[in-house]
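To be precise, the following lines are my_file.txt, and they hold compact mmCIF, C-alpha atoms.
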```txt
# COMPACT_ATOMS: atom_id res chain seq x y z
CA MET A 1431 -7.68 256.94 163.24
CA ILE A 1432 -7.79 254.71 166.31
CA SER A 1433 -8.28 256.94 169.34
CA THR A 1434 -8.96 254.62 172.30
CA VAL A 1435 -7.75 251.30 173.66
CA GLU A 1436 -11.29 249.98 173.29
CA GLU A 1437 -11.28 250.79 169.57
CA LEU A 1438 -7.84 249.24 169.18
CA GLU A 1439 -8.77 246.01 170.93
CA ASP A 1440 -12.02 245.76 169.01
CA LEU A 1441 -10.09 246.06 165.74
CA LEU A 1442 -7.51 243.48 166.82
CA SER A 1443 -10.17 241.01 167.92
CA THR A 1444 -12.75 241.36 165.13
CA PRO A 1445 -12.76 238.06 163.20
CA THR A 1446 -12.53 237.93 159.44
CA GLU A 1447 -14.72 235.75 157.24
CA GLU A 1448 -11.76 233.37 157.04
CA ASP A 1449 -11.61 233.18 160.84
CA VAL A 1450 -15.30 232.31 161.07
CA GLU A 1451 -14.93 229.69 158.36
CA ALA A 1452 -12.00 228.16 160.26
CA ALA A 1453 -14.01 228.19 163.48
CA SER A 1454 -16.64 226.06 161.81
CA SER A 1455 -14.02 223.29 161.58
CA LEU A 1456 -13.38 223.16 165.33
CA ASP A 1457 -14.46 219.95 167.03
CA GLY A 1458 -14.02 220.83 170.71
CA ASN A 1459 -12.56 223.12 173.35
CA LEU A 1460 -9.91 225.69 172.43
CA VAL A 1461 -7.28 226.23 175.13
CA ILE A 1462 -4.88 229.17 174.82
CA LEU A 1463 -1.78 228.83 177.00
CA GLY A 1464 0.01 232.06 177.85
CA ALA A 1465 -3.08 234.09 177.03
CA GLY A 1466 -2.18 236.98 179.34
CA GLY A 1467 0.68 238.39 177.26
CA LYS A 1468 0.72 241.20 174.71
CA MET A 1469 -0.88 239.15 171.93
CA GLY A 1470 -2.93 236.62 173.89
CA PRO A 1471 -5.97 238.63 175.05
CA THR A 1472 -6.99 239.91 171.61
CA LEU A 1473 -6.31 236.50 170.06
CA ALA A 1474 -8.60 234.89 172.64
CA LEU A 1475 -11.29 237.49 171.99
CA ARG A 1476 -11.01 237.01 168.21
CA ALA A 1477 -11.28 233.25 168.61
CA LYS A 1478 -14.32 233.57 170.88
CA ARG A 1479 -16.09 235.90 168.47
CA ALA A 1480 -15.28 233.70 165.47
CA ILE A 1481 -16.57 230.59 167.24
CA GLN A 1482 -19.77 232.39 168.24
CA GLU A 1483 -20.35 233.65 164.70
CA ALA A 1484 -19.78 230.12 163.39
CA GLY A 1485 -22.52 228.90 165.74
CA LYS A 1486 -20.24 226.47 167.52
CA PRO A 1487 -20.87 225.53 171.18
CA PHE A 1488 -17.24 225.13 172.18
CA PRO A 1489 -15.64 227.27 174.90
CA VAL A 1490 -12.44 229.28 174.68
CA ILE A 1491 -10.27 228.76 177.75
CA ALA A 1492 -7.53 231.29 178.47
CA VAL A 1493 -4.68 230.10 180.71
CA SER A 1494 -2.10 232.42 182.25
CA ARG A 1495 -0.76 233.74 185.52
CA PHE A 1496 -2.62 236.93 184.53
CA SER A 1497 -0.22 239.34 186.18
CA ASP A 1498 -2.29 241.94 184.30
CA GLN A 1499 -5.56 241.31 186.12
CA GLU A 1500 -7.47 243.71 183.88
CA ALA A 1501 -6.81 241.42 180.91
CA GLY A 1502 -8.41 238.52 182.77
CA VAL A 1503 -11.42 240.63 183.67
CA ARG A 1504 -11.92 241.69 180.04
CA LEU A 1505 -11.71 238.12 178.80
CA HIS A 1506 -14.08 236.83 181.49
CA SER A 1507 -16.63 239.55 180.67
CA ALA A 1508 -16.53 238.38 177.02
CA GLY A 1509 -17.52 234.85 178.01
CA ILE A 1510 -14.04 233.34 177.97
CA GLU A 1511 -13.19 230.88 180.72
CA ILE A 1512 -10.19 232.05 182.76
CA ILE A 1513 -7.74 229.71 184.47
CA ASN A 1514 -4.93 231.13 186.58
CA ALA A 1515 -1.99 228.75 186.28
CA ASP A 1516 1.79 228.71 186.46
CA LEU A 1517 2.90 226.57 183.52
CA LEU A 1518 6.19 225.83 185.27
CA ASN A 1519 4.19 223.98 187.94
CA PRO A 1520 3.47 220.35 186.88
CA ALA A 1521 0.41 220.27 189.16
CA ASP A 1522 -1.08 223.26 187.34
CA ILE A 1523 -0.41 221.58 183.98
CA ALA A 1524 -2.07 218.37 185.17
CA ARG A 1525 -5.30 220.12 186.17
CA LEU A 1526 -5.81 221.91 182.87
CA PRO A 1527 -8.97 220.90 181.00
CA ASP A 1528 -8.90 218.64 177.97
CA ALA A 1529 -8.92 220.33 174.58
CA ASP A 1530 -9.32 219.55 170.92
CA THR A 1531 -7.09 222.46 169.93
CA VAL A 1532 -4.31 224.18 171.90
CA ILE A 1533 -2.57 227.45 171.07
CA PHE A 1534 0.74 227.72 172.90
CA MET A 1535 1.89 231.32 173.39
CA ALA A 1536 3.91 231.02 176.60
CA GLY A 1537 7.54 232.05 176.49
CA ARG A 1538 10.24 234.24 177.93
CA LYS A 1539 12.52 236.68 176.12
CA PHE A 1540 13.35 239.89 177.91
CA GLY A 1541 15.33 239.48 181.09
CA SER A 1542 17.00 236.37 179.69
CA THR A 1543 20.52 237.78 180.04
CA GLY A 1544 21.57 237.10 183.61
CA ASP A 1545 18.74 234.64 184.22
CA GLU A 1546 19.25 232.21 181.38
CA ALA A 1547 18.09 229.18 183.38
CA SER A 1548 14.57 230.59 183.79
CA THR A 1549 14.39 231.30 180.07
CA TRP A 1550 15.37 227.74 179.20
CA ALA A 1551 12.89 226.34 181.72
CA MET A 1552 10.01 228.34 180.25
CA ASN A 1553 10.99 227.90 176.60
CA ALA A 1554 12.05 224.23 176.67
CA HIS A 1555 10.78 222.48 179.80
CA VAL A 1556 7.23 223.83 179.69
CA PRO A 1557 6.68 222.72 176.06
CA ALA A 1558 7.60 219.16 177.08
CA MET A 1559 4.97 219.12 179.82
CA VAL A 1560 2.37 220.69 177.53
CA ALA A 1561 3.10 218.28 174.67
CA GLU A 1562 2.62 215.31 176.99
CA ARG A 1563 -0.54 216.75 178.57
CA TYR A 1564 -2.09 217.48 175.18
CA SER A 1565 -0.75 214.59 173.13
CA MET A 1566 -4.26 213.92 171.78
CA ALA A 1567 -4.93 217.51 170.71
CA GLU A 1568 -3.86 219.66 167.78
CA ILE A 1569 -1.22 222.17 168.90
CA VAL A 1570 -0.33 225.52 167.36
CA ALA A 1571 2.85 226.89 168.95
CA ILE A 1572 4.26 230.38 168.53
CA SER A 1573 7.96 230.32 167.76
CA SER A 1574 10.25 233.11 166.56
CA GLY A 1575 12.24 234.12 163.53
CA ASN A 1576 15.12 234.67 165.97
CA ILE A 1577 16.14 231.06 165.41
CA TYR A 1578 17.34 231.95 161.89
CA PRO A 1579 20.77 233.31 161.00
CA PHE A 1580 21.10 236.92 159.91
CA MET A 1581 20.37 236.89 156.19
CA PRO A 1582 21.97 238.94 153.40
CA ILE A 1583 19.61 241.79 152.58
CA ALA A 1584 19.46 240.87 148.89
CA GLN A 1585 18.14 237.35 149.62
CA GLY A 1586 14.83 238.56 151.01
CA GLY A 1587 14.78 236.64 154.28
CA ALA A 1588 14.99 233.10 155.62
CA THR A 1589 12.51 230.51 154.41
CA GLU A 1590 11.25 227.57 156.42
CA SER A 1591 14.01 225.44 154.85
CA THR A 1592 16.81 227.76 156.01
CA PRO A 1593 18.87 225.85 158.64
CA PRO A 1594 18.50 227.44 162.09
CA ALA A 1595 21.51 229.26 163.50
CA PRO A 1596 20.27 231.03 166.63
CA VAL A 1597 22.38 233.85 168.06
CA GLY A 1598 22.35 234.04 171.87
CA GLU A 1599 20.71 231.96 174.56
CA TYR A 1600 17.20 233.32 174.07
CA ALA A 1601 17.15 232.27 170.43
CA GLN A 1602 18.79 228.95 171.31
CA SER A 1603 16.05 228.27 173.86
CA VAL A 1604 13.39 229.06 171.24
CA LEU A 1605 14.96 226.47 168.94
CA ALA A 1606 14.87 224.08 171.90
CA ARG A 1607 11.15 224.78 172.22
CA GLU A 1608 10.67 223.78 168.59
CA ARG A 1609 12.78 220.63 168.95
CA ILE A 1610 10.81 219.55 172.02
CA PHE A 1611 7.51 219.99 170.21
CA GLN A 1612 8.91 218.19 167.18
CA TYR A 1613 10.02 215.26 169.34
CA PHE A 1614 6.66 214.79 171.00
CA SER A 1615 4.80 215.30 167.74
CA GLN A 1616 6.75 212.44 166.23
CA GLU A 1617 6.56 210.22 169.33
CA ASN A 1618 2.83 210.67 169.92
CA ASP A 1619 1.68 211.48 166.37
CA THR A 1620 0.40 214.84 167.64
CA PRO A 1621 -0.49 217.25 164.80
CA MET A 1622 1.24 220.59 165.26
CA THR A 1623 1.99 223.87 163.53
CA LEU A 1624 5.02 225.96 164.52
CA LEU A 1625 4.66 229.65 163.64
CA ARG A 1626 7.95 231.54 163.38
CA LEU A 1627 6.77 235.08 164.07
CA ASN A 1628 8.56 238.41 163.75
CA TYR A 1629 7.52 241.08 164.43
CA ALA A 1630 3.90 241.60 165.52
CA VAL A 1631 2.87 245.27 165.77
CA ASP A 1632 0.27 246.85 168.05
CA LEU A 1633 -0.04 250.58 168.69
CA ARG A 1634 1.10 249.92 172.27
CA TYR A 1635 4.28 248.03 171.38
CA GLY A 1636 6.35 246.85 168.47
CA VAL A 1637 9.15 247.86 166.13
CA LEU A 1638 7.16 250.67 164.54
CA LEU A 1639 6.34 252.18 167.94
CA ASP A 1640 10.01 251.96 168.99
CA ILE A 1641 11.12 253.84 165.89
CA ALA A 1642 8.28 256.36 166.06
CA GLN A 1643 8.98 257.21 169.70
CA ALA A 1644 12.66 257.78 168.95
CA VAL A 1645 11.79 260.16 166.10
CA TYR A 1646 9.12 261.99 168.10
CA GLU A 1647 11.40 262.39 171.13
CA ARG A 1648 14.30 263.44 168.90
CA ARG A 1649 16.44 260.49 169.89
CA PRO A 1650 18.74 258.85 167.32
CA VAL A 1651 17.30 255.83 165.53
CA ASP A 1652 19.70 252.87 165.65
CA LEU A 1653 20.48 251.64 162.14
CA ARG A 1654 22.57 248.56 162.97
CA MET A 1655 19.71 246.22 162.07
CA GLY A 1656 19.02 248.06 158.87
CA MET A 1657 15.99 246.08 157.67
CA VAL A 1658 13.00 244.47 159.37
CA ASN A 1659 9.72 242.61 158.76
CA VAL A 1660 6.51 243.50 160.60
CA ILE A 1661 2.91 242.31 160.66
CA TRP A 1662 -0.17 243.90 162.23
CA GLN A 1663 -1.13 242.00 165.35
CA GLY A 1664 -4.68 241.53 164.10
CA ASP A 1665 -3.36 239.76 161.01
CA ALA A 1666 -1.02 237.69 163.18
CA ASN A 1667 -3.98 236.80 165.42
CA SER A 1668 -5.97 235.63 162.43
CA ALA A 1669 -3.16 233.44 161.12
CA CYS A 1670 -2.47 232.01 164.55
CA PHE A 1671 -6.12 231.08 165.05
CA ARG A 1672 -6.39 229.49 161.60
CA ALA A 1673 -3.08 227.63 161.86
CA PHE A 1674 -4.82 224.56 163.32
CA LEU A 1675 -6.09 223.95 159.77
CA TYR A 1676 -2.50 223.17 158.74
CA THR A 1677 -1.21 220.98 161.57
CA ASP A 1678 0.80 217.88 160.79
CA ALA A 1679 3.06 215.31 162.43
CA PRO A 1680 5.94 216.04 162.38
CA PRO A 1681 5.00 219.70 162.74
CA ASN A 1682 4.28 222.00 159.86
CA VAL A 1683 6.60 225.03 160.09
CA ILE A 1684 5.31 228.39 158.81
CA ASN A 1685 6.97 231.80 158.85
CA LEU A 1686 4.59 234.53 159.97
CA THR A 1687 5.29 238.16 159.06
CA GLY A 1688 4.48 240.79 156.48
CA PRO A 1689 5.53 240.60 152.82
CA GLU A 1690 7.79 243.66 152.83
CA THR A 1691 11.46 243.95 153.72
CA LEU A 1692 11.40 247.39 155.31
CA SER A 1693 14.27 249.82 155.74
CA ILE A 1694 14.62 251.21 159.27
CA ARG A 1695 15.79 254.47 157.73
CA TRP A 1696 12.68 254.61 155.50
CA ILE A 1697 10.34 253.88 158.44
CA ALA A 1698 11.94 256.65 160.51
CA THR A 1699 11.74 259.06 157.57
CA ARG A 1700 8.02 258.33 157.13
CA PHE A 1701 7.40 259.01 160.83
CA GLY A 1702 9.40 262.22 160.51
CA GLU A 1703 7.08 263.31 157.72
CA HIS A 1704 4.04 262.64 159.92
CA PHE A 1705 5.58 264.52 162.85
CA GLY A 1706 7.02 267.37 160.77
CA MET A 1707 10.59 266.75 161.90
CA GLU A 1708 13.81 265.28 160.57
CA PRO A 1709 14.80 261.96 162.20
CA GLU A 1710 18.25 261.52 163.69
CA PHE A 1711 20.26 258.37 163.09
CA GLU A 1712 23.18 256.53 164.63
CA GLY A 1713 25.17 253.55 163.44
CA VAL A 1714 25.43 252.06 159.98
CA GLU A 1715 23.18 249.55 158.27
CA GLY A 1716 24.75 246.11 158.26
CA PRO A 1717 24.82 243.89 155.17
CA THR A 1718 22.64 241.31 156.96
CA ALA A 1719 19.51 241.41 159.11
CA LEU A 1720 17.05 239.13 160.91
CA LEU A 1721 14.50 238.65 158.15
CA ASN A 1722 11.76 236.14 157.33
CA ASN A 1723 10.39 235.15 153.95
CA ALA A 1724 6.72 234.44 154.64
CA ALA A 1725 5.66 233.44 151.12
CA LYS A 1726 4.43 230.04 152.34
CA GLY A 1727 2.33 231.66 155.04
CA HIS A 1728 0.84 234.14 152.60
CA ARG A 1729 -0.18 231.27 150.34
CA LEU A 1730 -1.98 229.59 153.25
CA PHE A 1731 -3.38 232.59 155.13
CA GLY A 1732 -3.50 235.27 152.44
CA TYR A 1733 -1.74 238.61 152.54
CA PRO A 1734 -2.12 240.77 155.67
CA LYS A 1735 -5.16 243.02 155.51
CA VAL A 1736 -3.50 246.00 157.25
CA SER A 1737 -0.78 247.73 155.23
CA VAL A 1738 2.51 249.14 156.49
CA GLU A 1739 1.40 252.67 155.61
CA GLU A 1740 -1.75 252.21 157.70
CA MET A 1741 0.30 250.93 160.64
CA ILE A 1742 2.66 253.92 160.38
CA GLU A 1743 -0.21 256.42 160.14
CA TRP A 1744 -2.07 254.87 163.08
CA THR A 1745 1.07 254.72 165.21
CA ALA A 1746 2.00 258.34 164.50
CA SER A 1747 -1.52 259.50 165.41
CA TRP A 1748 -1.46 257.35 168.56
CA ILE A 1749 1.79 258.91 169.76
CA VAL A 1750 0.71 262.50 169.06
CA ALA A 1751 -2.54 261.85 170.97
CA GLY A 1752 -0.60 260.48 173.97
CA GLY A 1753 -1.94 256.94 173.60
CA VAL A 1754 -1.03 254.40 176.26
CA THR A 1755 1.93 252.09 175.58
CA TYR A 1756 3.31 248.99 177.32
CA ASN A 1757 6.78 250.56 177.68
CA LYS A 1758 8.33 247.31 176.46
CA PRO A 1759 10.87 248.03 173.71
CA THR A 1760 11.45 245.19 171.25
CA HIS A 1761 15.23 245.76 171.04
CA PHE A 1762 14.96 244.94 167.35
CA GLU A 1763 18.38 246.54 166.82
CA VAL A 1764 20.20 243.94 168.96
CA ARG A 1765 22.65 241.86 166.93
CA ASP A 1766 24.35 239.83 169.68
CA GLY A 1767 21.26 237.93 170.84
CA ARG A 1768 21.36 239.37 174.38
CA PHE A 1769 17.92 240.40 175.62
```
If you convert what's in this file into structure tokens, what do you get?
Amino acid sequence: MISTVEELEDLLSTPTEEDVEAASSLDGNLVILGAGGKMGPTLALRAKRAIQEAGKPFPVIAVSRFSDQEAGVRLHSAGIEIINADLLNPADIARLPDADTVIFMAGRKFGSTGDEASTWAMNAHVPAMVAERYSMAEIVAISSGNIYPFMPIAQGGATESTPPAPVGEYAQSVLARERIFQYFSQENDTPMTLLRLNYAVDLRYGVLLDIAQAVYERRPVDLRMGMVNVIWQGDANSACFRAFLYTDAPPNVINLTGPETLSIRWIATRFGEHFGMEPEFEGVEGPTALLNNAAKGHRLFGYPKVSVEEMIEWTASWIVAGGVTYNKPTHFEVRDGRF
């Protein structure tokens, strides 16, 4: 079991052989934009360790406002260059260092309802400035499966060829992010990969934690979004780091999630078994859900190394032990696109 944050972050940031092999292909600086979020710090650490193990001399540069100052301190102590910047400020964008490869993780989701303009600015305007600033680099940009329509359960999830049909302004702004990157990729011949991710799981946040906490606290588990895909954040980190191997102009689009279509009811029942209690439910499973088919990604990156059963077992143990969480629910059950 994982008992401390240090153990968790070490696991999330330990590079695989594939990561080290990919690092050997890097030709210059790696800049990670939005590196202070939930996924960014361990991705930056994994990249740094992979580059070191590959014997490459190139720095990893983490850019963020770093509202969580501890994250910046941890990255700096690991030899990662830290730049405090507001990506909505053109002057901050202009002073960023050159890079051979850029990973774009900046974005806004929660708090969008009632402040839609800020969400559109972060999710659509910032990508335009970044794409112009780094027109000569390779860009890997995190997108979201939220741009897809709800899919019939029996179809197994949207593929990269499924036409987008975003529900709500957050998802619409994410599609705008993609379109902006696509435009500049085509205009400037900038190689890019767009990763449509849902949902990354860490013991401190994620769909599995949301469900587990509800079961443990004897709150009803919402069944409206009856099925879900998840992927361990360490596996998502690995794919994100290696995605520069598959950039193209116009951008290469890749779904990023686990291979299973998981029942919310089944997940809650498994947590109930770990906790020795019967889960409570509310609502009824709908005939559709927000689901991704990541077969293309699995062909390129391989199957995730951490299984769903391992994630469930680790999460249950973490909750029983009183492990720290971010207190940031995913709202996976939302069907009207309002976050």
Check your understanding: Between A:Arg1672, A:Arg1479, A:Arg1700, A:Arg1729, which one has atoms that come closest to Ile1569 (chain A), using all atoms listed in the file?
Key -> A:Arg1672
Review point. Which distance in Å separates CA of Trp1696 (chain A) and CA of Ile1641 (chain A), to one decimal?
Key: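 Rounded to one decimal, the two atoms are 10.5 Å apart.
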Practice item. Could you give me, as a PyMOL selection string, the residues within 7 Å of Arg1538 (chain A), counting only C-alpha atoms and dropping anything in the same chain fewer than 4 positions from it? Key: chain A and resi 1549+1552-1553
May I have the residues from that selection written out with C-alpha atoms, as a compact mmCIF listing (two decimals), keeping the file's coordinate frame?
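Now in again-v9.txt:
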```txt
# COMPACT_ATOMS: atom_id res chain seq x y z
CA THR A 1549 14.39 231.30 180.07
CA MET A 1552 10.01 228.34 180.25
CA ASN A 1553 10.99 227.90 176.60
```
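Picture a line from CA of Gly1664 (chain A) to CA of Gly1541 (chain A); it runs 26.3 Å.
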Review point. Closest to Ala1536 (chain A) among A:Trp1748, A:Phe1580, A:Phe1496, A:Tyr1564, using only C-alpha atoms?
Key: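 The shortest atom-to-atom distance to Ala1536 (chain A) comes from A:Phe1496.
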Check your understanding: Which is closer to Phe1701 (chain A) than all the others in A:Leu1653, A:Ala1751, A:Leu1638, A:Val1714, using only C-alpha atoms?
Key ->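 Closest candidate: A:Leu1638.
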Point to revise | Who sits within 12 Å of Ala1644 (chain A), all atoms listed in the file, same chain under 5 positions skipped, as a ChimeraX atom specification | key: /A:1637-1639,1649-1652,1694,1697-1699,1701-1702,1705,1707-1712,1746,1749,1759
Please produce a file of those selected residues containing C-alpha atoms, as a CSV table (one decimal), keeping the file's coordinate frame.
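selection32.csv written:
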```
chain,number,residue,atom,x,y,z
A,1637,VAL,CA,9.2,247.9,166.1
A,1638,LEU,CA,7.2,250.7,164.5
A,1639,LEU,CA,6.3,252.2,167.9
A,1649,ARG,CA,16.4,260.5,169.9
A,1650,PRO,CA,18.7,258.8,167.3
A,1651,VAL,CA,17.3,255.8,165.5
A,1652,ASP,CA,19.7,252.9,165.6
A,1694,ILE,CA,14.6,251.2,159.3
A,1697,ILE,CA,10.3,253.9,158.4
A,1698,ALA,CA,11.9,256.6,160.5
A,1699,THR,CA,11.7,259.1,157.6
A,1701,PHE,CA,7.4,259.0,160.8
A,1702,GLY,CA,9.4,262.2,160.5
A,1705,PHE,CA,5.6,264.5,162.8
A,1707,MET,CA,10.6,266.8,161.9
A,1708,GLU,CA,13.8,265.3,160.6
A,1709,PRO,CA,14.8,262.0,162.2
A,1710,GLU,CA,18.2,261.5,163.7
A,1711,PHE,CA,20.3,258.4,163.1
A,1712,GLU,CA,23.2,256.5,164.6
A,1746,ALA,CA,2.0,258.3,164.5
A,1749,ILE,CA,1.8,258.9,169.8
A,1759,PRO,CA,10.9,248.0,173.7
```
Review point. Using only C-alpha atoms, which residues sit within 12 Å of Asp1498 (chain A) once same-chain residues fewer than 4 positions away are excluded, as a PyMOL selection string?
Key: chain A and resi 1465-1468+1470-1471+1494+1502-1505+1514+1756
Point to revise | Spatial neighbours of Asn1459 (chain A), max dist 9 Å, only C-alpha atoms, sep filter under 2 positions, as a list in words | key: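 Skipping anything fewer than 2 positions along the chain leaves Leu1456, Asp1457, Val1461, Pro1487, Phe1488, Pro1489, Val1490, Ile1491, Pro1527, Asp1528, Ala1529, Asp1530, Thr1531 and Val1532 of chain A.
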Exercise for review: Check the smallest atom-to-atom distance from each of A:Met1741, A:Leu1442, A:Ala1551, A:Leu1463 to Leu1526 (chain A) using only C-alpha atoms, then report the winner.
Suggested key: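 Closest to Leu1526 (chain A), using only C-alpha atoms: A:Leu1463.
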Practice item. Name the residues, using the chain letters and numbers of the file, that sit within 8 Å of (-8.7, 257.4, 160.4) when counting only C-alpha atoms, and give them as a list in words. Key: Met1431, Ile1432 and Trp1744 of chain A
Point to revise | Cut-off 10 Å around (19.3, 229.2, 167.2) with all atoms listed in the file: residues as a PyMOL selection string | key: chain A and resi 1574-1579+1593-1606+1767
Practice item. Can you pull out every residue within 8 Å of Ser1693 (chain A), counting all atoms listed in the file, but drop anything in the same chain fewer than 4 positions away, and send it as a list in words? Key: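 In the requested format, the answer is Gly1656, Met1657, Val1658 and Ile1697 of chain A.
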Review point. Nearest to Val1683 (chain A): which of A:Glu1590, A:Glu1546, A:Glu1715, A:Asp1619 is it, counting only C-alpha atoms?
Key: A:Glu1590
Practice item. Using all atoms listed in the file, pick whichever of A:Thr1543, A:Asn1722, A:Asn1682, A:Gln1482 has the shortest atom-to-atom distance to Ile1583 (chain A). Key: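 Smallest separation from Ile1583 (chain A) among the options: A:Asn1722.
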Review point. Could you work out how far CA of Glu1562 (chain A) lies from CA of Thr1623 (chain A), giving the answer in Å with one decimal?
Key: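 Separation between CA of Thr1623 (chain A) and CA of Glu1562 (chain A): 16.0 Å.
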